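The next block is model.txt, given as compact mmCIF, C-alpha atoms.
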# COMPACT_ATOMS: atom_id res chain seq x y z
CA MET A 262 -1.00 -0.67 11.20
CA ALA A 263 2.48 -0.05 9.86
CA VAL A 264 1.32 3.45 9.00
CA THR A 265 0.82 4.24 12.66
CA VAL A 266 4.39 3.36 13.45
CA VAL A 267 5.63 5.72 10.79
CA SER A 268 3.27 8.44 12.01
CA LEU A 269 4.53 8.19 15.53
CA SER A 270 8.10 8.33 14.38
CA ALA A 271 7.55 11.92 13.32
CA CYS A 272 7.40 12.84 16.98
CA GLU A 273 9.73 10.33 18.44
CA ASN A 274 12.33 10.21 15.73
CA ALA A 275 12.12 6.41 15.70
CA ARG A 276 13.28 6.06 12.12
CA THR A 277 16.79 7.42 11.97
CA ASP A 278 18.28 5.25 9.24
CA THR A 279 19.05 8.00 6.78
CA LEU A 280 20.03 7.29 3.17
CA ILE A 281 22.88 9.79 3.36
CA GLN A 282 25.10 10.58 6.31
CA SER A 283 25.85 14.03 7.71
CA SER A 284 29.55 13.43 6.98
CA GLN A 285 28.74 13.40 3.26
CA ILE A 286 27.40 16.95 3.41
CA GLN A 287 29.80 19.87 3.02
CA ASP A 288 28.16 23.21 3.74
CA ASP A 289 25.10 23.19 1.49
CA ALA A 290 26.42 20.59 -0.96
CA LEU A 291 26.63 16.84 -1.43
CA PRO A 292 29.77 16.69 -3.61
CA GLU A 293 30.05 12.92 -4.17
CA PRO A 294 27.65 11.14 -6.57
CA LEU A 295 25.12 8.86 -4.86
CA ILE A 296 26.09 5.98 -7.11
CA ASP A 297 28.98 5.27 -9.40
CA ILE A 298 27.49 6.18 -12.78
CA GLU A 299 27.94 9.00 -15.26
CA GLY A 300 24.69 11.00 -15.14
CA GLU A 301 23.18 11.67 -18.56
CA ALA A 302 21.51 15.01 -19.22
CA LYS A 303 19.07 13.58 -21.79
CA GLU A 304 17.78 11.03 -19.28
CA GLY A 305 17.63 13.77 -16.68
CA GLU A 306 15.41 15.92 -18.88
CA GLN A 307 12.91 13.05 -19.19
CA ILE A 308 12.86 12.62 -15.43
CA PHE A 309 12.45 16.36 -14.92
CA ASP A 310 9.41 16.47 -17.22
CA SER A 311 7.64 13.19 -16.69
CA ARG A 312 4.65 12.79 -14.42
CA ASP A 313 5.77 9.23 -13.63
CA ALA A 314 9.26 10.28 -12.57
CA GLY A 315 10.45 13.54 -10.99
CA HIS A 316 7.75 15.74 -12.48
CA CYS A 317 9.73 18.78 -11.38
CA VAL A 318 7.77 20.98 -13.82
CA LEU A 319 4.97 20.79 -11.27
CA CYS A 320 6.79 23.60 -9.44
CA HIS A 321 9.68 24.73 -11.66
CA GLN A 322 10.14 26.33 -15.03
CA ILE A 323 13.03 26.17 -17.48
CA ASN A 324 12.94 28.41 -20.57
CA GLY A 325 12.96 26.51 -23.81
CA LEU A 326 11.79 23.25 -22.32
CA ASP A 327 9.13 21.61 -24.46
CA VAL A 328 6.53 21.27 -21.69
CA GLU A 329 3.19 23.03 -21.38
CA PHE A 330 2.14 24.66 -18.11
CA GLN A 331 5.29 24.68 -16.02
CA GLY A 332 4.69 25.59 -12.40
CA ASP A 333 6.06 28.51 -10.38
CA VAL A 334 5.87 27.41 -6.74
CA GLY A 335 9.65 27.00 -6.86
CA PRO A 336 12.22 29.33 -8.48
CA GLU A 337 12.85 29.27 -12.20
CA LEU A 338 15.69 26.85 -12.98
CA THR A 339 16.84 28.42 -16.25
CA GLY A 340 20.59 28.87 -15.83
CA VAL A 341 20.70 27.00 -12.52
CA GLY A 342 23.91 25.24 -13.64
CA ALA A 343 25.69 28.59 -13.67
CA ARG A 344 24.39 29.49 -10.20
CA LEU A 345 24.95 26.25 -8.32
CA THR A 346 27.62 23.52 -8.35
CA PRO A 347 26.61 19.92 -9.11
CA GLY A 348 27.06 19.14 -5.40
CA GLN A 349 24.69 21.95 -4.38
CA ILE A 350 22.11 20.83 -6.94
CA ARG A 351 22.43 17.23 -5.67
CA LEU A 352 21.73 18.14 -2.05
CA ARG A 353 18.76 20.31 -3.04
CA ILE A 354 17.18 17.32 -4.79
CA VAL A 355 18.19 14.71 -2.22
CA ASP A 356 17.07 16.43 0.98
CA TYR A 357 16.96 20.23 0.86
CA GLN A 358 14.95 20.21 4.09
CA ARG A 359 18.06 19.00 5.85
CA VAL A 360 19.90 22.29 5.31
CA GLN A 361 16.80 24.49 5.07
CA PRO A 362 14.08 23.21 7.38
CA GLY A 363 10.51 23.97 6.35
CA VAL A 364 11.33 24.46 2.68
CA THR A 365 8.49 23.52 0.29
CA MET A 366 10.86 21.63 -2.01
CA PRO A 367 10.21 17.89 -1.34
CA SER A 368 13.13 15.60 -0.48
CA TYR A 369 13.52 13.05 -3.25
CA TYR A 370 16.06 10.72 -1.62
CA ARG A 371 14.94 10.36 1.95
CA ILE A 372 13.07 7.83 4.08
CA HIS A 373 13.67 9.07 7.62
CA ASP A 374 11.41 11.26 9.79
CA LEU A 375 8.38 11.15 7.55
CA ASN A 376 4.78 11.07 8.72
CA GLN A 377 1.67 9.23 7.46
CA VAL A 378 3.41 7.99 4.31
CA GLY A 379 1.08 6.14 1.92
CA GLU A 380 1.40 2.41 2.33
CA GLU A 381 2.61 1.81 -1.20
CA PHE A 382 5.42 4.38 -0.82
CA GLU A 383 6.64 3.44 2.60
CA GLY A 384 10.37 2.90 3.09
CA GLN A 385 11.23 4.06 -0.42
CA PRO A 386 12.63 7.37 -1.62
CA VAL A 387 10.73 9.21 -4.39
CA LEU A 388 13.56 8.79 -6.88
CA THR A 389 16.43 6.31 -7.25
CA ALA A 390 20.08 7.30 -6.87
CA GLU A 391 20.50 6.76 -10.60
CA GLN A 392 17.59 9.07 -11.50
CA ILE A 393 19.03 11.77 -9.25
CA GLU A 394 22.45 11.58 -10.91
CA HIS A 395 20.73 12.05 -14.30
CA LEU A 396 18.87 15.08 -12.93
CA VAL A 397 22.12 16.56 -11.56
CA ALA A 398 23.70 16.17 -15.01
CA PHE A 399 20.71 17.78 -16.72
CA LEU A 400 20.50 20.75 -14.35
CA SER A 401 24.26 21.30 -14.29
CA ASP A 402 24.03 21.70 -18.08
CA GLN A 403 21.59 24.59 -17.71
CA LYS A 404 24.08 27.40 -18.04
CA GLY A 405 21.55 30.02 -19.13
CA MET B 127 -8.63 2.66 10.51
CA ILE B 128 -10.33 3.74 13.71
CA ARG B 129 -7.29 2.79 15.74
CA LEU B 130 -5.08 4.56 13.28
CA ALA B 131 -7.18 7.69 13.64
CA ALA B 132 -6.93 7.48 17.40
CA CYS B 133 -3.16 7.02 17.30
CA LEU B 134 -2.71 9.87 14.92
CA LEU B 135 -4.82 12.16 17.02
CA ILE B 136 -2.59 11.42 19.95
CA LEU B 137 0.38 12.14 17.75
CA LEU B 138 -1.01 15.41 16.54
CA THR B 139 -1.98 16.70 19.92
CA SER B 140 1.29 15.68 21.51
CA CYS B 141 3.24 17.33 18.71
CA SER B 142 1.46 20.65 18.62
CA PRO B 143 1.58 23.25 21.32
CA THR B 144 -1.93 23.89 22.65
CA ALA B 145 -2.71 27.21 21.09
CA ASP B 146 -5.41 29.76 21.67
CA VAL B 147 -7.72 30.47 18.79
CA THR B 148 -5.38 33.21 17.78
CA LEU B 149 -4.50 32.71 14.14
CA PRO B 150 -1.02 31.47 13.23
CA ASP B 151 1.59 33.77 11.70
CA ASP B 152 1.08 32.66 8.13
CA ALA B 153 -2.74 32.75 8.30
CA ILE B 154 -4.55 34.64 5.55
CA ALA B 155 -5.93 37.97 6.78
CA THR B 156 -9.73 38.25 6.74
CA LYS B 157 -9.63 41.01 4.13
CA ASP B 158 -7.60 38.78 1.80
CA LEU B 159 -9.88 35.73 1.98
CA GLN B 160 -10.89 34.49 -1.46
CA SER B 161 -13.15 31.65 -2.45
CA GLY B 162 -11.80 28.94 -4.76
CA SER B 163 -13.99 30.29 -7.56
CA ALA B 164 -11.76 33.37 -7.74
CA PHE B 165 -9.06 31.09 -9.20
CA LEU B 166 -11.23 29.62 -11.95
CA THR B 167 -11.77 30.83 -15.49
CA GLU B 168 -14.54 33.29 -16.31
CA GLU B 169 -16.42 30.51 -18.13
CA THR B 170 -16.39 28.12 -15.17
CA ARG B 171 -17.55 30.88 -12.84
CA ALA B 172 -20.38 31.74 -15.23
CA LEU B 173 -21.38 28.07 -15.42
CA GLN B 174 -21.42 27.87 -11.63
CA GLU B 175 -23.76 30.87 -11.41
CA ASP B 176 -26.11 29.49 -14.09
CA ASP B 177 -29.20 27.99 -12.44
CA PHE B 178 -29.86 25.79 -15.45
CA GLU B 179 -26.39 24.74 -16.52
CA ASN B 180 -24.58 24.04 -13.23
CA PRO B 181 -24.46 20.21 -13.07
CA GLY B 182 -24.43 20.30 -9.26
CA LEU B 183 -28.05 21.42 -9.32
CA LEU B 184 -29.03 17.91 -10.40
CA TRP B 185 -27.96 16.79 -6.93
CA VAL B 186 -29.77 19.69 -5.29
CA GLU B 187 -32.96 18.71 -7.10
CA ARG B 188 -32.58 15.10 -6.13
CA GLY B 189 -32.01 16.28 -2.55
CA ALA B 190 -35.20 18.35 -2.70
CA ASP B 191 -37.12 15.21 -3.67
CA LEU B 192 -35.54 13.14 -0.91
CA PHE B 193 -36.28 15.90 1.58
CA VAL B 194 -40.02 15.40 1.23
CA ASP B 195 -39.90 11.66 0.59
CA THR B 196 -42.05 9.47 2.86
CA SER B 197 -41.74 6.17 1.02
CA ALA B 198 -39.34 4.65 3.58
CA SER B 199 -40.38 6.41 6.77
CA SER B 200 -43.56 7.90 8.14
CA LYS B 201 -41.76 11.20 8.60
CA SER B 202 -39.93 13.11 5.90
CA CYS B 203 -37.21 15.67 6.62
CA ALA B 204 -39.73 18.36 5.65
CA ASP B 205 -42.14 17.23 8.35
CA CYS B 206 -39.68 18.52 10.93
CA HIS B 207 -37.91 21.27 9.04
CA ASP B 208 -40.11 22.98 6.51
CA GLU B 209 -38.29 26.21 5.59
CA GLN B 210 -36.22 26.38 8.74
CA LEU B 211 -32.97 25.22 7.20
CA LYS B 212 -32.10 28.55 5.60
CA GLY B 213 -28.66 29.65 6.77
CA VAL B 214 -28.08 26.55 8.87
CA ALA B 215 -25.29 25.07 6.75
CA ALA B 216 -23.22 28.22 7.25
CA SER B 217 -22.64 27.28 10.88
CA TYR B 218 -21.48 23.69 10.31
CA PRO B 219 -19.57 21.68 11.54
CA GLN B 220 -21.25 22.04 14.90
CA LEU B 221 -21.47 20.30 18.25
CA ASP B 222 -24.22 17.68 18.55
CA GLU B 223 -25.43 18.27 22.10
CA LEU B 224 -26.79 14.77 22.58
CA SER B 225 -23.61 12.88 21.75
CA ALA B 226 -21.25 15.76 22.55
CA GLU B 227 -19.56 15.07 19.21
CA LEU B 228 -18.61 17.52 16.52
CA VAL B 229 -20.67 16.73 13.41
CA ASN B 230 -20.69 17.99 9.84
CA LEU B 231 -23.80 18.28 7.67
CA GLU B 232 -23.51 14.74 6.34
CA LYS B 233 -23.28 13.37 9.84
CA ARG B 234 -26.18 15.53 11.04
CA ILE B 235 -28.34 14.19 8.22
CA ASN B 236 -27.49 10.63 9.22
CA LEU B 237 -28.22 11.41 12.89
CA CYS B 238 -31.64 12.76 11.93
CA ARG B 239 -32.35 9.60 9.98
CA ALA B 240 -31.45 7.41 12.95
CA ARG B 241 -33.11 9.49 15.67
CA HIS B 242 -36.22 10.80 13.97
CA GLN B 243 -36.91 8.71 10.92
CA ASP B 244 -35.84 5.25 12.02
CA LEU B 245 -33.82 4.92 8.83
CA PRO B 246 -30.36 3.42 8.29
CA GLU B 247 -27.30 5.64 7.74
CA LEU B 248 -26.61 6.68 4.20
CA THR B 249 -23.13 5.68 3.05
CA TYR B 250 -20.66 8.54 2.91
CA GLU B 251 -20.23 9.75 -0.68
CA SER B 252 -23.42 7.97 -1.82
CA ASP B 253 -25.51 9.98 -4.27
CA ASP B 254 -28.37 10.21 -1.78
CA LEU B 255 -26.23 11.63 1.02
CA LEU B 256 -24.50 14.03 -1.37
CA ALA B 257 -27.90 15.10 -2.71
CA LEU B 258 -29.39 15.81 0.72
CA THR B 259 -26.21 17.60 1.81
CA ALA B 260 -26.20 19.73 -1.34
CA TYR B 261 -29.88 20.56 -0.88
CA VAL B 262 -29.34 21.71 2.70
CA ALA B 263 -26.12 23.56 1.82
CA ASN B 264 -27.90 25.30 -1.03
CA GLN B 265 -30.45 26.73 1.44
CA SER B 266 -27.52 28.79 2.73
CA HIS B 267 -26.20 29.82 -0.67
CA GLY B 268 -24.55 33.23 -0.26
CA ALA B 269 -24.72 33.23 3.53
CA PRO B 270 -21.38 34.02 5.22
CA ILE B 271 -19.74 31.12 7.03
CA THR B 272 -20.12 31.71 10.77
CA VAL B 273 -18.53 28.93 12.77
CA ALA B 274 -17.54 29.51 16.37
CA VAL B 275 -15.09 27.70 18.63
CA THR B 276 -16.35 26.92 22.13
CA GLU B 277 -14.84 25.22 25.14
CA GLU B 278 -16.51 21.97 24.05
CA THR B 279 -15.15 22.12 20.51
CA ARG B 280 -11.71 23.55 21.17
CA ALA B 281 -9.99 20.16 21.09
CA SER B 282 -11.47 19.44 17.64
CA TYR B 283 -10.38 22.82 16.38
CA GLU B 284 -6.86 22.23 17.61
CA ALA B 285 -6.74 18.75 16.11
CA GLY B 286 -7.84 20.22 12.75
CA GLU B 287 -5.30 23.00 13.01
CA ALA B 288 -2.53 20.52 13.83
CA TYR B 289 -3.49 18.43 10.81
CA PHE B 290 -3.34 21.55 8.62
CA TYR B 291 0.19 22.36 9.79
CA THR B 292 1.68 18.86 9.96
CA PRO B 293 3.85 17.81 6.99
CA ARG B 294 2.89 14.38 5.71
CA GLY B 295 3.43 11.81 3.03
CA GLN B 296 6.46 10.92 0.97
CA PHE B 297 6.59 14.57 -0.18
CA ASN B 298 6.47 15.78 3.41
CA LEU B 299 4.19 18.74 2.74
CA ALA B 300 1.57 20.34 4.99
CA CYS B 301 -1.67 22.00 3.87
CA ASN B 302 -0.40 25.45 4.87
CA GLN B 303 2.62 25.18 2.59
CA CYS B 304 0.37 25.13 -0.44
CA HIS B 305 -2.74 26.99 0.71
CA ASN B 306 -1.28 29.69 2.99
CA GLU B 307 2.17 30.20 1.55
CA ASN B 308 1.69 29.54 -2.15
CA TRP B 309 -1.90 30.37 -3.10
CA GLY B 310 -2.12 32.13 -6.43
CA LYS B 311 0.93 30.27 -7.73
CA LYS B 312 0.91 27.60 -10.39
CA LEU B 313 1.26 23.93 -9.69
CA ARG B 314 1.63 22.81 -13.29
CA GLY B 315 -1.68 23.85 -14.95
CA ASP B 316 -3.54 24.39 -11.68
CA THR B 317 -3.66 27.63 -9.73
CA ILE B 318 -3.42 26.87 -6.03
CA SER B 319 -6.34 28.42 -4.17
CA GLN B 320 -6.56 29.24 -0.47
CA GLY B 321 -8.02 25.78 0.17
CA HIS B 322 -11.46 26.69 1.49
CA GLY B 323 -14.33 24.25 1.79
CA ASN B 324 -17.14 26.72 1.05
CA GLY B 325 -17.90 25.30 -2.40
CA PHE B 326 -18.53 21.72 -1.26
CA PRO B 327 -20.22 19.42 -2.00
CA ALA B 328 -19.07 20.44 -5.47
CA TYR B 329 -18.94 19.22 -9.03
CA ARG B 330 -15.32 18.56 -10.06
CA TYR B 331 -14.24 18.12 -13.66
CA GLU B 332 -11.49 15.77 -12.54
CA TRP B 333 -14.09 13.49 -10.91
CA GLN B 334 -16.63 14.07 -13.65
CA SER B 335 -19.11 13.98 -10.82
CA PHE B 336 -20.26 15.54 -7.62
CA GLY B 337 -18.35 14.95 -4.40
CA SER B 338 -17.87 15.91 -0.78
CA LEU B 339 -15.23 18.08 0.85
CA HIS B 340 -13.75 14.95 2.41
CA ARG B 341 -13.18 13.49 -1.03
CA ARG B 342 -11.26 16.65 -1.93
CA LEU B 343 -9.20 16.37 1.29
CA HIS B 344 -8.51 12.75 0.44
CA ASP B 345 -7.16 13.91 -2.95
CA CYS B 346 -4.83 16.49 -1.38
CA ASP B 347 -3.54 13.84 1.03
CA THR B 348 -2.87 11.31 -1.72
CA GLY B 349 -1.32 14.12 -3.78
CA VAL B 350 1.53 14.33 -1.30
CA ARG B 351 1.57 10.51 -1.14
CA ALA B 352 0.18 10.35 2.36
CA GLU B 353 -2.10 7.57 3.59
CA PRO B 354 -5.52 9.26 3.45
CA PHE B 355 -8.20 8.97 6.15
CA THR B 356 -11.62 7.47 5.58
CA LEU B 357 -14.23 9.88 4.24
CA GLY B 358 -16.47 10.86 7.15
CA SER B 359 -13.76 10.09 9.73
CA GLN B 360 -13.49 12.29 12.80
CA THR B 361 -10.04 13.42 11.65
CA TYR B 362 -11.50 14.88 8.45
CA ILE B 363 -14.48 16.36 10.33
CA ASP B 364 -12.04 18.14 12.67
CA LEU B 365 -10.08 19.36 9.66
CA GLU B 366 -13.32 20.50 8.00
CA TYR B 367 -14.09 22.43 11.19
CA TYR B 368 -10.70 24.14 11.20
CA LEU B 369 -11.15 25.04 7.53
CA ALA B 370 -14.60 26.52 8.26
CA VAL B 371 -13.32 28.72 11.10
CA ARG B 372 -10.43 29.74 8.88
CA ALA B 373 -12.95 30.70 6.16
CA ASN B 374 -15.35 32.61 8.43
CA GLY B 375 -17.01 35.36 6.39
CA LEU B 376 -16.74 33.70 2.99
CA PRO B 377 -20.11 32.91 1.41
CA VAL B 378 -21.40 29.33 1.16
CA GLU B 379 -21.12 28.50 -2.53
CA SER B 380 -22.25 24.90 -2.81
CA PRO B 381 -22.92 23.49 -5.35
CA ALA B 382 -19.72 24.96 -6.78
CA ILE B 383 -17.86 23.83 -9.88
CA ARG B 384 -14.17 23.09 -9.56
CA ARG B 385 -11.44 21.78 -11.84
Using the file provided, produce a representation of the structure as structure tokens.
Amino acid sequence: MAVTVVSLSACENARTDTLIQSSQIQDDALPEPLIDIEGEAKEGEQIFDSRDAGHCVLCHQINGLDVEFQGDVGPELTGVGARLTPGQIRLRIVDYQRVQPGVTMPSYYRIHDLNQVGEEFEGQPVLTAEQIEHLVAFLSDQKG
Amino acid sequence: MIRLAACLLILLTSCSPTADVTLPDDAIATKDLQSGSAFLTEETRALQEDDFENPGLLWVERGADLFVDTSASSKSCADCHDEQLKGVAASYPQLDELSAELVNLEKRINLCRARHQDLPELTYESDDLLALTAYVANQSHGAPITVAVTEETRASYEAGEAYFYTPRGQFNLACNQCHNENWGKKLRGDTISQGHGNGFPAYRYEWQSFGSLHRRLHDCDTGVRAEPFTLGSQTYIDLEYYLAVRANGLPVESPAIRR
């Protein structure tokens, strides 16, 4: 029955406990790390590729990455570190829908205003703060 | 689950503006409609067309046997229907006048069993129900889908449409975001199709067996980490109905082969 509650919240905005606060967002960026660790690009690459983690290759492609069949629903991320600041990359992974409603990019660090979430995933974000910091490090390293 | 379905229906109707059956802005134009087989390899398409090699035909054959079977009831399906089922599947889901409910083929088959054969319902997704459904669907092979919306069925159509456009699951994605906005693009190794139901029941490599459209819908729901509905639920029948209207004009292709 818990599922029903979550479903209804999509209309009534019942669940408003967001993982990040609006005050942390500056324009289209989230400048401060989510957690006090040094993100590691190597870890980030694993998370980017792996089906059990971020699996970002479902929709994105990076030239030179050793992964077969990278998707193209999202833009190519080769050189994304030269285009976007770490803070911009962070917000796009955390909750891009917050600054660009309706975007197909899923929000990986969000639990509020979701609908019909599978029971086993309820109340949890897709990725941990630590995993996201590793991803930010990895993508910021992609200078082209 | 039934209560959940009821609650969600309320949610969906209260969230969506009541629309006319005018198609939404991002709808695929009739001239651009393409069956899922257009996104398969040449080999898979050839296999689907092959009347000896398509594995789905095993279910069609089994359905043909069940259609004339009188071992459990004094009346077989054929006693009432004979050849009259040609083209029928192309206009399903449809309103059942007696119960005033929208029914899909599977449900119609179970209603016939209860009303005319004094037989128990076949379980959704059982081989027997899939076989009979595939047999009946195959009688309409190549016929264009022709499903109308009437005053009586409008609420179902709108519920299906709302489901199609409502983001859900931990990934917060709606059907239209993949199947209207991104068809033809790659999701890893898969090419996203327009998300039509005209091939179902179908044989899927991923299942290594034959399955219903509702099983496919269940997979798309769990793919975005949403809590899926029960196969055969009214929510999925309404969605099936919306998909059929959306696919009007495409040929019935069951038993199709899919990845």
Could you give me, as JSON lines, a per-residue list for chain A showing, wherever an atom lies at most 6 Å from an atom of chain B, the closest pair of atoms and their distance in Å to one decimal, using only C-alpha atoms and sorting by chain then residue number from low to high?
{"residue": "A:Thr265", "atom": "CA", "partner": "B:Leu130", "partner_atom": "CA", "distance": 5.9}
{"residue": "A:Leu319", "atom": "CA", "partner": "B:Arg314", "partner_atom": "CA", "distance": 4.4}
{"residue": "A:Cys320", "atom": "CA", "partner": "B:Leu313", "partner_atom": "CA", "distance": 5.5}
{"residue": "A:Phe330", "atom": "CA", "partner": "B:Gly315", "partner_atom": "CA", "distance": 5.0}
{"residue": "A:Gln331", "atom": "CA", "partner": "B:Arg314", "partner_atom": "CA", "distance": 4.9}
{"residue": "A:Gly332", "atom": "CA", "partner": "B:Arg314", "partner_atom": "CA", "distance": 4.2}
{"residue": "A:Asp333", "atom": "CA", "partner": "B:Lys312", "partner_atom": "CA", "distance": 5.2}
{"residue": "A:Val334", "atom": "CA", "partner": "B:Lys311", "partner_atom": "CA", "distance": 5.8}
{"residue": "A:Pro367", "atom": "CA", "partner": "B:Phe297", "partner_atom": "CA", "distance": 5.0}
{"residue": "A:Asn376", "atom": "CA", "partner": "B:Arg294", "partner_atom": "CA", "distance": 4.9}
{"residue": "A:Gln377", "atom": "CA", "partner": "B:Gly295", "partner_atom": "CA", "distance": 5.4}
{"residue": "A:Val378", "atom": "CA", "partner": "B:Gly295", "partner_atom": "CA", "distance": 4.0}
{"residue": "A:Gly379", "atom": "CA", "partner": "B:Glu353", "partner_atom": "CA", "distance": 3.9}
Hey, what's within 8 Å of Gly268 (chain B) if we count only C-alpha atoms and toss same-chain stuff fewer than 3 positions away? As a list of chain:residue names, please?
-> B:Pro377, B:Val378, B:Glu379
Between B:Ser338, B:Asn374, B:Thr272, B:Ser359, which has the minimum distance to Leu255 (chain B) (counting all atoms listed in the file)?
-> B:Ser338
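Take CA of Pro336 (chain A) and CA of Ile323 (chain A): the distance between them is 9.6 Å.
Take the candidates A:Gln349, A:Gln285, A:Gln358, A:Thr365 and check each one against Gly335 (chain A) using all atoms listed in the file; the shortest distance goes to A:Thr365.
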Quick one: residues within 8 Å of Gln320 (chain B), only C-alpha atoms counted, chain neighbours fewer than 4 positions away excluded, as a list of chain:residue names?
-> B:Leu159, B:Gln160, B:Ser161, B:Gly162, B:His305, B:Asn306, B:Trp309, B:Gly310
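Relative to CA of Ser380 (chain B), CA of Asn264 (chain B) is found at 5.9 Å.
The nearest approach to Leu326 (chain A) among the residues A:Phe399, A:Thr346, A:Val364, A:Glu394, with only C-alpha atoms taken into account, belongs to A:Phe399.
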For a cut-off of 10 Å around (11.4, 16.1, -21.1), file coordinates, pick out all residues using all atoms listed in the file and list them as a ChimeraX atom specification.
-> /A:303-311,316,318,326-328
Write a file of the just-selected residues containing C-alpha atoms, as a PDB file, keeping the file's coordinate frame.
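New file result32.pdb:
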ATOM      1  CA  LYS A 303      19.070  13.580 -21.790  1.00  0.00           C
ATOM      2  CA  GLU A 304      17.780  11.030 -19.280  1.00  0.00           C
ATOM      3  CA  GLY A 305      17.630  13.770 -16.680  1.00  0.00           C
ATOM      4  CA  GLU A 306      15.410  15.920 -18.880  1.00  0.00           C
ATOM      5  CA  GLN A 307      12.910  13.050 -19.190  1.00  0.00           C
ATOM      6  CA  ILE A 308      12.860  12.620 -15.430  1.00  0.00           C
ATOM      7  CA  PHE A 309      12.450  16.360 -14.920  1.00  0.00           C
ATOM      8  CA  ASP A 310       9.410  16.470 -17.220  1.00  0.00           C
ATOM      9  CA  SER A 311       7.640  13.190 -16.690  1.00  0.00           C
ATOM     10  CA  HIS A 316       7.750  15.740 -12.480  1.00  0.00           C
ATOM     11  CA  VAL A 318       7.770  20.980 -13.820  1.00  0.00           C
ATOM     12  CA  LEU A 326      11.790  23.250 -22.320  1.00  0.00           C
ATOM     13  CA  ASP A 327       9.130  21.610 -24.460  1.00  0.00           C
ATOM     14  CA  VAL A 328       6.530  21.270 -21.690  1.00  0.00           C
TER      15      VAL A 328
END
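Take the candidates B:Gly349, B:Pro381, B:Gly189, B:Gly213 and check each one against Tyr329 (chain B) using all atoms listed in the file; the shortest distance goes to B:Pro381.
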Can you rebuild region 347-351 of chain A with all heavy atoms and give it as a JSON list (two decimals), keeping the file's coordinate frame?
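Result file is out_8.json:
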[["chain", "number", "residue", "atom", "x", "y", "z"],
["A", 347, "PRO", "N", 27.33, 21.20, -9.08],
["A", 347, "PRO", "CA", 26.61, 19.92, -9.11],
["A", 347, "PRO", "C", 26.33, 19.40, -7.69],
["A", 347, "PRO", "O", 25.24, 18.86, -7.43],
["A", 347, "PRO", "CB", 27.58, 18.98, -9.85],
["A", 347, "PRO", "CG", 28.35, 19.89, -10.74],
["A", 347, "PRO", "CD", 28.51, 21.18, -9.99],
["A", 348, "GLY", "N", 27.27, 19.60, -6.77],
["A", 348, "GLY", "CA", 27.06, 19.14, -5.40],
["A", 348, "GLY", "C", 25.93, 19.88, -4.70],
["A", 348, "GLY", "O", 25.16, 19.29, -3.92],
["A", 349, "GLN", "N", 25.80, 21.17, -4.97],
["A", 349, "GLN", "CA", 24.69, 21.95, -4.38],
["A", 349, "GLN", "C", 23.36, 21.51, -4.98],
["A", 349, "GLN", "O", 22.37, 21.37, -4.27],
["A", 349, "GLN", "CB", 24.90, 23.45, -4.66],
["A", 349, "GLN", "CG", 25.99, 24.08, -3.82],
["A", 349, "GLN", "CD", 26.23, 25.53, -4.19],
["A", 349, "GLN", "OE1", 26.36, 25.87, -5.37],
["A", 349, "GLN", "NE2", 26.28, 26.39, -3.19],
["A", 350, "ILE", "N", 23.34, 21.29, -6.28],
["A", 350, "ILE", "CA", 22.11, 20.83, -6.94],
["A", 350, "ILE", "C", 21.71, 19.47, -6.36],
["A", 350, "ILE", "O", 20.55, 19.24, -6.02],
["A", 350, "ILE", "CB", 22.31, 20.73, -8.47],
["A", 350, "ILE", "CG1", 22.49, 22.14, -9.06],
["A", 350, "ILE", "CG2", 21.14, 20.01, -9.14],
["A", 350, "ILE", "CD1", 22.83, 22.18, -10.54],
["A", 351, "ARG", "N", 22.71, 18.57, -6.19],
["A", 351, "ARG", "CA", 22.43, 17.23, -5.67],
["A", 351, "ARG", "C", 21.77, 17.29, -4.30],
["A", 351, "ARG", "O", 20.74, 16.65, -4.07],
["A", 351, "ARG", "CB", 23.72, 16.40, -5.60],
["A", 351, "ARG", "CG", 23.51, 14.94, -5.21],
["A", 351, "ARG", "CD", 24.81, 14.13, -5.25],
["A", 351, "ARG", "NE", 25.33, 13.97, -6.61],
["A", 351, "ARG", "CZ", 26.40, 14.58, -7.10],
["A", 351, "ARG", "NH1", 27.11, 15.41, -6.33],
["A", 351, "ARG", "NH2", 26.78, 14.39, -8.34]]
